[in-house]
Structure formats: structure tokens, C-alpha cells
Amino acid sequence: MNFTPNAPGAAAISTADALYGAIEAGGTKFVVAVAHATGAILNQSRIETRDPAATLADVFDFFRAAERAAGAVEAFGVGSFGPLELRRGAPGYGFITNTPKPGWRNTDLLGTLQRGFARPVGFDTDVNAAALAELRWGGGRHLQSLAYVTVGTGIGGGMIHHGQPVHGLMHPEIGHVRVLRHPTDSLFAGVCPFHGDCLEGLASGPAILARTGRSLADTRPNDPIWGIEADYLGQLCAQLVLMHSPQRIFLGGGVMQHQRLYGEIADRMRHWLGGYLPHEELQSENYVVPPALGANVGVMGALALAVEAAAGFGAPG
Ligand code: ADP
Ligand code: ZN
């Protein structure tokens, strides 16, 4: 195929059956897949996250085998846990930087993959990638702006404006904003290694576990922790509305597997907005929603980055 990496308009010559490689890089697991630009996944696998060398060796093995079976991949995309250096030209561009995850601090994730694959590699945060996937294939197809927040081991968020993920100095880190303490939650110190009682320190999965000794999955329906959790995430949603005005907020991640949380969070969002913004969307039960792509949203996000990398755009400047 006459394909020129990074050439403007290259997407126009990629065929409908072109293949893309997707890498969802998480602190617990990597999910890797080969897929079409339609979002159809041909082959997908899960790799436990160990140290970078062992984990990335498995990533390369997966794609070598997948390409032998299905043919050559045009471009790859990586949606990664962070923080990440996303400024092109910066000395550590493409690195995972200040992560508390053992062994991964200052890891040249993008460079290692670019050298290994010798093809275009799109790169962004896991949550920006997930936001792009909802925009392209999921519940945001008719939208121009949206937020995607994951509530799991950590809390992170990605924002789309005018169809593009928000970058800037680096990328937003909305999981670490400060929230007002719930009146019945004044004693818990929080678990964030950097801030103690930031939002992630108070409302992530490990924060719930540290406070109550169990995850929400094993918590009685009338336990006060549900209301506390909904309040903190409702405060985040209110702040997102005030600062970014997304047309919809998608909440994913392990903690958000409990359907009841969505309504309670939206109620607390409206409480904190105090009736100030009369927009009817904010009253709708379709404003704070699960990702339409479900558990696949992360790997589909990486796929979106791959498709954009093949077309020579979408990477942060
Ligand atoms: P990660 O954030 O590690 O990429 P997840 O989004 O699946 O992955 O989050 C994992 C965390 O979410 C776990 O550490 C746990 O605290 C929490 N969690 C996972 N499953 C559930 C569940 N069913 N109910 C409540 N909390 C959960
Ligand atoms: Zn923090």
C-alpha cells in the first residue's frame, strides 16, 4: 500500500480494511487489540502490568503474533496512565513522569513503542483517549464537548472541546482537585500520596477501602459511604460544569459499576450548582452517564488515537 506516515490526508488513502493497533496502558493491566477504524475489534488480549520491560515485551509479542495472523498494522495508539509529558519537543516527550507506581517513573513509553514498531504511534492520557472513543463511537457521537472521568484505583478526567482533547501545559488532572469535606467525613485523612484529602484521596476505590475496610461492592445499601461518595463526585461534576461546560459527563471505572451512583451524583451536582444554571440538560438523567462503550472504552480510546496518528493529526503540539 502506498502509505506515507504522518502525511496530511494520509487517512484518505487508508482503506476500510486497514488495521490499527490499540494499547490501553493501565497501572493494573494493559489491554491490547488489533481493530478496524470502524471500531470493530479483531483480536484483543489482557497483559498484567509488571515492570516496563516485561510488560512491553508482552505487548510487542502480542502485535507480532497478531500481524502474522491478520496482516500489517498501519499505526498504533496508546492511552496511558500518567502523568505524561505531552509537549512535543520537550526532552521527556512521551514519558510517564511523576507516577507513584513502582518502576514506572520516568519511563519512555512512547519512544520505546515508536522504536519497536517503526510506525506512527498516537499518544495521550487514558482518559483523553476514552473521551475520544465516546465522541467517535459511543455516547458522544452528536456532541462537540464532553468530559470522561474514571473512578477506580485513581480518579482522572479527560475533556473534549470542539472535538479535540484538551492539553495545554500538560493535561488536566481533575482527580486531584480539592473538594469540600462531607460533614460526616471530617476525620479520614485521605490516601493521595501527594495531597492526602484531594478528591482522589477521598473518593477513589482505595480511599473507600481505607475508610470502611471494604469496597462498595461489599457495602450495605444504607451505608452512609454511598452518600459521601456521591457527594464528592457530585462536587467534581459541578466544578466540571462551571469550568468546562461539557455537553455530557461520562463516569467510568471500577467504582462506577454501581448504577445507583449516577442518579445520586447528578442530584449532588445539582445541589452544588444551587439552581444557578437553568439549562434543561443539567436536569436530565442523561447528563451524568456511564460510557456507552462500557468496559471497552479504554482500548477503543487507544484505537481512536491510532486512527488519528495514521491520518497525521490528533497528537498534542
Ligand atoms: P484501574 O483504575 O486500576 O485502571 P478500575 O477502574 O477497574 O482499574 O479500578 C479498580 C479499583 O476500583 C479497585 O481498586 C477497586 O477499588 C475499585 N473497584 C473495582 N471493582 C469495583 C466494584 N465492583 N465496586 C466498587 N469498587 C470497585
Ligand atoms: Zn491528590
# chains A, B, ... in the order shown; residues from 1 in each chain; ligands from 1
>>> residues_near_ligand(ligand="ligand 1", cutoff="8 Å", atoms="only C-alpha atoms and all ligand atoms", output="list in words")
Gly26, Gly27, Thr28, Lys29, Thr150, Val151, Gly152, Thr153, Gly154, Ile155, Ser204, Gly205, Pro206, Ala207, Ile208, Leu209, Ser215, Leu216, Ala217, Asp218, Gly252, Gly253, Gly254, Val255, Met256, Gln257 and His258 of chain A
>>> closest_atom_pairs(of="chain A", to="ligand 2", cutoff="12 Å", atoms="only C-alpha atoms and all ligand atoms", output="Markdown table")
| residue | atom | partner | partner_atom_place_in_ligand_line | distance |
| --- | --- | --- | --- | --- |
| A:Pro83 | CA | ligand 2 | 1 (Zn) | 12.0 |
| A:Thr99 | CA | ligand 2 | 1 (Zn) | 11.6 |
| A:Pro100 | CA | ligand 2 | 1 (Zn) | 11.2 |
| A:Gly154 | CA | ligand 2 | 1 (Zn) | 9.1 |
| A:Ile155 | CA | ligand 2 | 1 (Zn) | 9.0 |
| A:Gly156 | CA | ligand 2 | 1 (Zn) | 10.3 |
| A:Glu173 | CA | ligand 2 | 1 (Zn) | 9.1 |
| A:Ile174 | CA | ligand 2 | 1 (Zn) | 9.3 |
| A:Gly175 | CA | ligand 2 | 1 (Zn) | 6.9 |
| A:His176 | CA | ligand 2 | 1 (Zn) | 4.1 |
| A:Val177 | CA | ligand 2 | 1 (Zn) | 7.2 |
| A:Arg178 | CA | ligand 2 | 1 (Zn) | 8.2 |
| A:Val179 | CA | ligand 2 | 1 (Zn) | 10.9 |
| A:Ala189 | CA | ligand 2 | 1 (Zn) | 11.9 |
| A:Gly190 | CA | ligand 2 | 1 (Zn) | 9.0 |
| A:Val191 | CA | ligand 2 | 1 (Zn) | 8.1 |
| A:Cys192 | CA | ligand 2 | 1 (Zn) | 4.7 |
| A:Pro193 | CA | ligand 2 | 1 (Zn) | 6.7 |
| A:Phe194 | CA | ligand 2 | 1 (Zn) | 5.2 |
| A:His195 | CA | ligand 2 | 1 (Zn) | 4.4 |
| A:Gly196 | CA | ligand 2 | 1 (Zn) | 6.3 |
| A:Asp197 | CA | ligand 2 | 1 (Zn) | 6.9 |
| A:Cys198 | CA | ligand 2 | 1 (Zn) | 4.8 |
| A:Leu199 | CA | ligand 2 | 1 (Zn) | 6.7 |
| A:Glu200 | CA | ligand 2 | 1 (Zn) | 5.6 |
| A:Gly201 | CA | ligand 2 | 1 (Zn) | 5.8 |
| A:Leu202 | CA | ligand 2 | 1 (Zn) | 9.0 |
| A:Ala203 | CA | ligand 2 | 1 (Zn) | 10.6 |
| A:Ser204 | CA | ligand 2 | 1 (Zn) | 10.3 |
| A:Ala207 | CA | ligand 2 | 1 (Zn) | 11.4 |
>>> select_by_dssp(residues="segment 151-290 of chain A", states="strand (DSSP E)", output="VMD selection string")
chain A and resid 151 155 to 161 164 to 165 249 to 252 288 to 289
>>> write_last_selection(atoms="N, CA and C atoms", output="mmCIF file, in the first residue's frame")
data_model
loop_
_atom_site.group_PDB
_atom_site.id
_atom_site.type_symbol
_atom_site.label_atom_id
_atom_site.label_comp_id
_atom_site.auth_asym_id
_atom_site.auth_seq_id
_atom_site.Cartn_x
_atom_site.Cartn_y
_atom_site.Cartn_z
ATOM 1 N N VAL A 151 -13.237 6.575 37.800
ATOM 2 C CA VAL A 151 -13.148 6.473 39.256
ATOM 3 C C VAL A 151 -12.786 5.028 39.569
ATOM 4 N N ILE A 155 -8.467 8.689 40.340
ATOM 5 C CA ILE A 155 -9.519 9.436 39.649
ATOM 6 C C ILE A 155 -8.838 10.335 38.623
ATOM 7 N N GLY A 156 -9.294 10.240 37.384
ATOM 8 C CA GLY A 156 -8.716 11.066 36.327
ATOM 9 C C GLY A 156 -9.793 11.470 35.363
ATOM 10 N N GLY A 157 -9.561 12.559 34.654
ATOM 11 C CA GLY A 157 -10.568 13.009 33.712
ATOM 12 C C GLY A 157 -9.952 13.555 32.445
ATOM 13 N N GLY A 158 -10.655 13.355 31.344
ATOM 14 C CA GLY A 158 -10.265 13.934 30.066
ATOM 15 C C GLY A 158 -11.410 14.769 29.542
ATOM 16 N N MET A 159 -11.076 15.844 28.860
ATOM 17 C CA MET A 159 -12.106 16.724 28.317
ATOM 18 C C MET A 159 -11.937 16.874 26.808
ATOM 19 N N ILE A 160 -13.055 16.893 26.110
ATOM 20 C CA ILE A 160 -13.070 17.200 24.679
ATOM 21 C C ILE A 160 -13.726 18.566 24.502
ATOM 22 N N HIS A 161 -13.060 19.426 23.762
ATOM 23 C CA HIS A 161 -13.680 20.680 23.340
ATOM 24 C C HIS A 161 -13.523 20.810 21.825
ATOM 25 N N GLN A 164 -11.806 18.025 20.088
ATOM 26 C CA GLN A 164 -10.388 17.700 20.359
ATOM 27 C C GLN A 164 -10.136 17.605 21.858
ATOM 28 N N PRO A 165 -9.258 16.679 22.269
ATOM 29 C CA PRO A 165 -8.930 16.609 23.694
ATOM 30 C C PRO A 165 -8.178 17.847 24.168
ATOM 31 N N ILE A 249 -21.315 14.362 30.791
ATOM 32 C CA ILE A 249 -20.228 13.834 31.613
ATOM 33 C C ILE A 249 -20.363 12.317 31.673
ATOM 34 N N PHE A 250 -19.322 11.622 31.244
ATOM 35 C CA PHE A 250 -19.280 10.165 31.300
ATOM 36 C C PHE A 250 -18.440 9.759 32.503
ATOM 37 N N LEU A 251 -18.984 8.894 33.347
ATOM 38 C CA LEU A 251 -18.239 8.392 34.503
ATOM 39 C C LEU A 251 -18.031 6.891 34.334
ATOM 40 N N GLY A 252 -16.756 6.473 34.313
ATOM 41 C CA GLY A 252 -16.428 5.051 34.192
ATOM 42 C C GLY A 252 -15.473 4.636 35.293
ATOM 43 N N VAL A 288 -25.239 12.865 33.371
ATOM 44 C CA VAL A 288 -24.138 12.125 34.027
ATOM 45 C C VAL A 288 -24.403 10.647 33.769
ATOM 46 N N VAL A 289 -23.593 10.047 32.898
ATOM 47 C CA VAL A 289 -23.945 8.723 32.374
ATOM 48 C C VAL A 289 -22.714 7.795 32.338
#
>>> residues_around(residues="Phe30 of chain A", least_positions_apart="2", cutoff="9 Å", atoms="only C-alpha atoms", output="ChimeraX atom specification")
/A:23-28,32,45-49,55,59,299
>>> closest_atom_pairs(of="segment 135-185 of chain A", to="segment 268-287 of chain A", cutoff="12 Å", atoms="only C-alpha atoms", output="CSV")
residue,atom,partner,partner_atom,distance
A:Gly139,CA,A:Asn286,CA,10.0
A:Gly140,CA,A:Tyr287,CA,11.0
A:Leu146,CA,A:Tyr287,CA,10.0
A:Ala147,CA,A:Tyr287,CA,10.6
A:Tyr148,CA,A:Tyr287,CA,11.8
A:Val179,CA,A:Trp272,CA,11.1
A:Leu180,CA,A:Trp272,CA,10.5
A:His182,CA,A:Arg268,CA,11.5
>>> write_last_selection(atoms="N, CA, C and O atoms", output="mmCIF file, in the first residue's frame")
data_model
loop_
_atom_site.group_PDB
_atom_site.id
_atom_site.type_symbol
_atom_site.label_atom_id
_atom_site.label_comp_id
_atom_site.auth_asym_id
_atom_site.auth_seq_id
_atom_site.Cartn_x
_atom_site.Cartn_y
_atom_site.Cartn_z
ATOM 1 N N GLY A 139 -21.341 7.325 23.295
ATOM 2 C CA GLY A 139 -22.485 8.158 23.657
ATOM 3 C C GLY A 139 -22.307 9.632 23.354
ATOM 4 O O GLY A 139 -23.177 10.438 23.693
ATOM 5 N N GLY A 140 -21.172 9.996 22.722
ATOM 6 C CA GLY A 140 -20.943 11.411 22.425
ATOM 7 C C GLY A 140 -20.905 11.713 20.945
ATOM 8 O O GLY A 140 -20.397 12.759 20.528
ATOM 9 N N LEU A 146 -17.316 17.147 25.759
ATOM 10 C CA LEU A 146 -17.729 16.192 26.784
ATOM 11 C C LEU A 146 -16.572 15.987 27.752
ATOM 12 O O LEU A 146 -15.425 16.360 27.472
ATOM 13 N N ALA A 147 -16.904 15.409 28.897
ATOM 14 C CA ALA A 147 -15.874 15.025 29.866
ATOM 15 C C ALA A 147 -16.001 13.537 30.133
ATOM 16 O O ALA A 147 -17.118 13.003 30.181
ATOM 17 N N TYR A 148 -14.850 12.882 30.277
ATOM 18 C CA TYR A 148 -14.822 11.475 30.676
ATOM 19 C C TYR A 148 -14.000 11.377 31.953
ATOM 20 O O TYR A 148 -12.847 11.828 31.992
ATOM 21 N N VAL A 179 -12.040 19.138 47.257
ATOM 22 C CA VAL A 179 -13.488 19.195 47.446
ATOM 23 C C VAL A 179 -13.778 19.567 48.895
ATOM 24 O O VAL A 179 -12.929 19.401 49.775
ATOM 25 N N LEU A 180 -14.996 20.085 49.123
ATOM 26 C CA LEU A 180 -15.414 20.380 50.499
ATOM 27 C C LEU A 180 -15.699 19.064 51.208
ATOM 28 O O LEU A 180 -16.333 18.164 50.645
ATOM 29 N N HIS A 182 -17.400 16.293 53.264
ATOM 30 C CA HIS A 182 -18.739 15.923 53.692
ATOM 31 C C HIS A 182 -18.789 16.045 55.213
ATOM 32 O O HIS A 182 -17.837 15.665 55.901
#
>>> closest_residue(among="A:Ile265, A:Ala310, A:Leu84, A:Ala33", to="His171 of chain A", atoms="only C-alpha atoms")
A:Leu84
>>> select_by_dssp(residues="segment 38-265 of chain A", states="alpha helix (DSSP H)", output="VMD selection string")
chain A and resid 52 to 70 109 to 117 126 to 137 199 to 203 205 to 212 224 to 244 260 to 265
>>> closest_residue(among="A:Ala65, A:Val307, A:Leu261, A:Val297", to="Tyr232 of chain A", atoms="only C-alpha atoms")
A:Leu261
>>> closest_residue(among="A:Glu134, A:Asp124, A:Glu67, A:Glu74", to="Pro291 of chain A", atoms="only C-alpha atoms")
A:Glu134
>>> atom_distance(atom1="atom CA of Gly234 of chain A", atom2="atom CA of Asp267 of chain A")
7.3 Å
>>> atom_distance(atom1="atom CA of Tyr20 of chain A", atom2="atom CA of Ala66 of chain A")
10.9 Å
>>> residues_around(residues="Ala129 of chain A", least_positions_apart="5", cutoff="6 Å", atoms="only C-alpha atoms", output="PyMOL selection string")
chain A and resi 79+301-302
>>> closest_residue(among="A:Gly213, A:Pro224, A:Gly77, A:Gly312", to="Gly298 of chain A", atoms="only C-alpha atoms")
A:Gly77
>>> residues_around(residues="Val34 of chain A", least_positions_apart="4", cutoff="6 Å", atoms="only C-alpha atoms", output="list in words")
Tyr20, Gly21, Leu42 and Asn43 of chain A
>>> write_last_selection(atoms="N, CA, C and O atoms", output="PDB file, in the first residue's frame")
ATOM      1  N   TYR A  20      -5.381  -1.256  12.766  1.00  0.00           N
ATOM      2  CA  TYR A  20      -4.778  -0.350  13.732  1.00  0.00           C
ATOM      3  C   TYR A  20      -4.503  -1.106  15.024  1.00  0.00           C
ATOM      4  O   TYR A  20      -5.243  -2.027  15.377  1.00  0.00           O
ATOM      5  N   GLY A  21      -3.443  -0.693  15.717  1.00  0.00           N
ATOM      6  CA  GLY A  21      -3.088  -1.330  16.981  1.00  0.00           C
ATOM      7  C   GLY A  21      -3.438  -0.424  18.147  1.00  0.00           C
ATOM      8  O   GLY A  21      -3.107   0.764  18.145  1.00  0.00           O
ATOM      9  N   LEU A  42     -10.663  -7.118  16.088  1.00  0.00           N
ATOM     10  CA  LEU A  42     -10.420  -8.457  15.559  1.00  0.00           C
ATOM     11  C   LEU A  42      -9.806  -9.370  16.608  1.00  0.00           C
ATOM     12  O   LEU A  42     -10.028 -10.574  16.600  1.00  0.00           O
ATOM     13  N   ASN A  43      -8.988  -8.796  17.475  1.00  0.00           N
ATOM     14  CA  ASN A  43      -8.164  -9.614  18.352  1.00  0.00           C
ATOM     15  C   ASN A  43      -7.799  -8.753  19.554  1.00  0.00           C
ATOM     16  O   ASN A  43      -7.319  -7.640  19.388  1.00  0.00           O
TER      17      ASN A  43
END
>>> atom_distance(atom1="atom CA of Ser186 of chain A", atom2="atom CA of Leu233 of chain A")
16.6 Å
>>> closest_atom_pairs(of="segment 31-56 of chain A", to="segment 108-116 of chain A", cutoff="10 Å", atoms="only C-alpha atoms", output="JSON lines")
{"residue": "A:Pro52", "atom": "CA", "partner": "A:Leu109", "partner_atom": "CA", "distance": 8.3}
{"residue": "A:Ala53", "atom": "CA", "partner": "A:Thr112", "partner_atom": "CA", "distance": 9.7}
{"residue": "A:Leu56", "atom": "CA", "partner": "A:Leu113", "partner_atom": "CA", "distance": 8.2}
>>> write_last_selection(atoms="N, CA, C and O atoms", output="mmCIF file, in the first residue's frame")
data_model
loop_
_atom_site.group_PDB
_atom_site.id
_atom_site.type_symbol
_atom_site.label_atom_id
_atom_site.label_comp_id
_atom_site.auth_asym_id
_atom_site.auth_seq_id
_atom_site.Cartn_x
_atom_site.Cartn_y
_atom_site.Cartn_z
ATOM 1 N N PRO A 52 8.225 -2.123 33.368
ATOM 2 C CA PRO A 52 8.058 -1.730 31.960
ATOM 3 C C PRO A 52 8.657 -2.735 30.973
ATOM 4 O O PRO A 52 8.010 -3.057 29.965
ATOM 5 N N ALA A 53 9.846 -3.267 31.242
ATOM 6 C CA ALA A 53 10.485 -4.158 30.263
ATOM 7 C C ALA A 53 9.646 -5.416 30.042
ATOM 8 O O ALA A 53 9.369 -5.807 28.893
ATOM 9 N N LEU A 56 6.146 -4.455 28.338
ATOM 10 C CA LEU A 56 6.226 -4.054 26.926
ATOM 11 C C LEU A 56 6.707 -5.207 26.046
ATOM 12 O O LEU A 56 6.331 -5.290 24.870
#
>>> residues_around(residues="Gly163 of chain A", least_positions_apart="6", cutoff="10 Å", atoms="only C-alpha atoms", output="list in words")
Ala131, Leu132, Leu135, Arg136, Gly140, Arg141, Leu143, Gln144, Ser145 and Leu146 of chain A
>>> write_last_selection(atoms="N, CA and C atoms", output="CSV table (one decimal), in the first residue's frame")
chain,number,residue,atom,x,y,z
A,131,ALA,N,-12.3,9.6,26.3
A,131,ALA,CA,-13.2,10.6,25.9
A,131,ALA,C,-13.4,10.7,24.4
A,132,LEU,N,-12.2,10.5,23.7
A,132,LEU,CA,-12.3,10.5,22.2
A,132,LEU,C,-13.1,9.3,21.7
A,135,LEU,N,-16.7,10.0,21.9
A,135,LEU,CA,-17.0,11.0,20.9
A,135,LEU,C,-17.2,10.3,19.5
A,136,ARG,N,-16.3,9.4,19.2
A,136,ARG,CA,-16.2,8.8,17.9
A,136,ARG,C,-17.2,7.7,17.7
A,140,GLY,N,-21.2,10.0,22.7
A,140,GLY,CA,-20.9,11.4,22.4
A,140,GLY,C,-20.9,11.7,20.9
A,141,ARG,N,-21.5,10.8,20.1
A,141,ARG,CA,-21.3,11.0,18.7
A,141,ARG,C,-21.9,12.2,18.1
A,143,LEU,N,-22.0,15.1,19.9
A,143,LEU,CA,-21.6,16.2,20.7
A,143,LEU,C,-20.3,16.8,20.2
A,144,GLN,N,-20.0,18.0,20.7
A,144,GLN,CA,-18.7,18.7,20.4
A,144,GLN,C,-17.8,18.7,21.6
A,145,SER,N,-18.5,18.7,22.8
A,145,SER,CA,-17.7,18.8,24.0
A,145,SER,C,-18.2,17.8,25.0
A,146,LEU,N,-17.3,17.1,25.8
A,146,LEU,CA,-17.7,16.2,26.8
A,146,LEU,C,-16.6,16.0,27.8
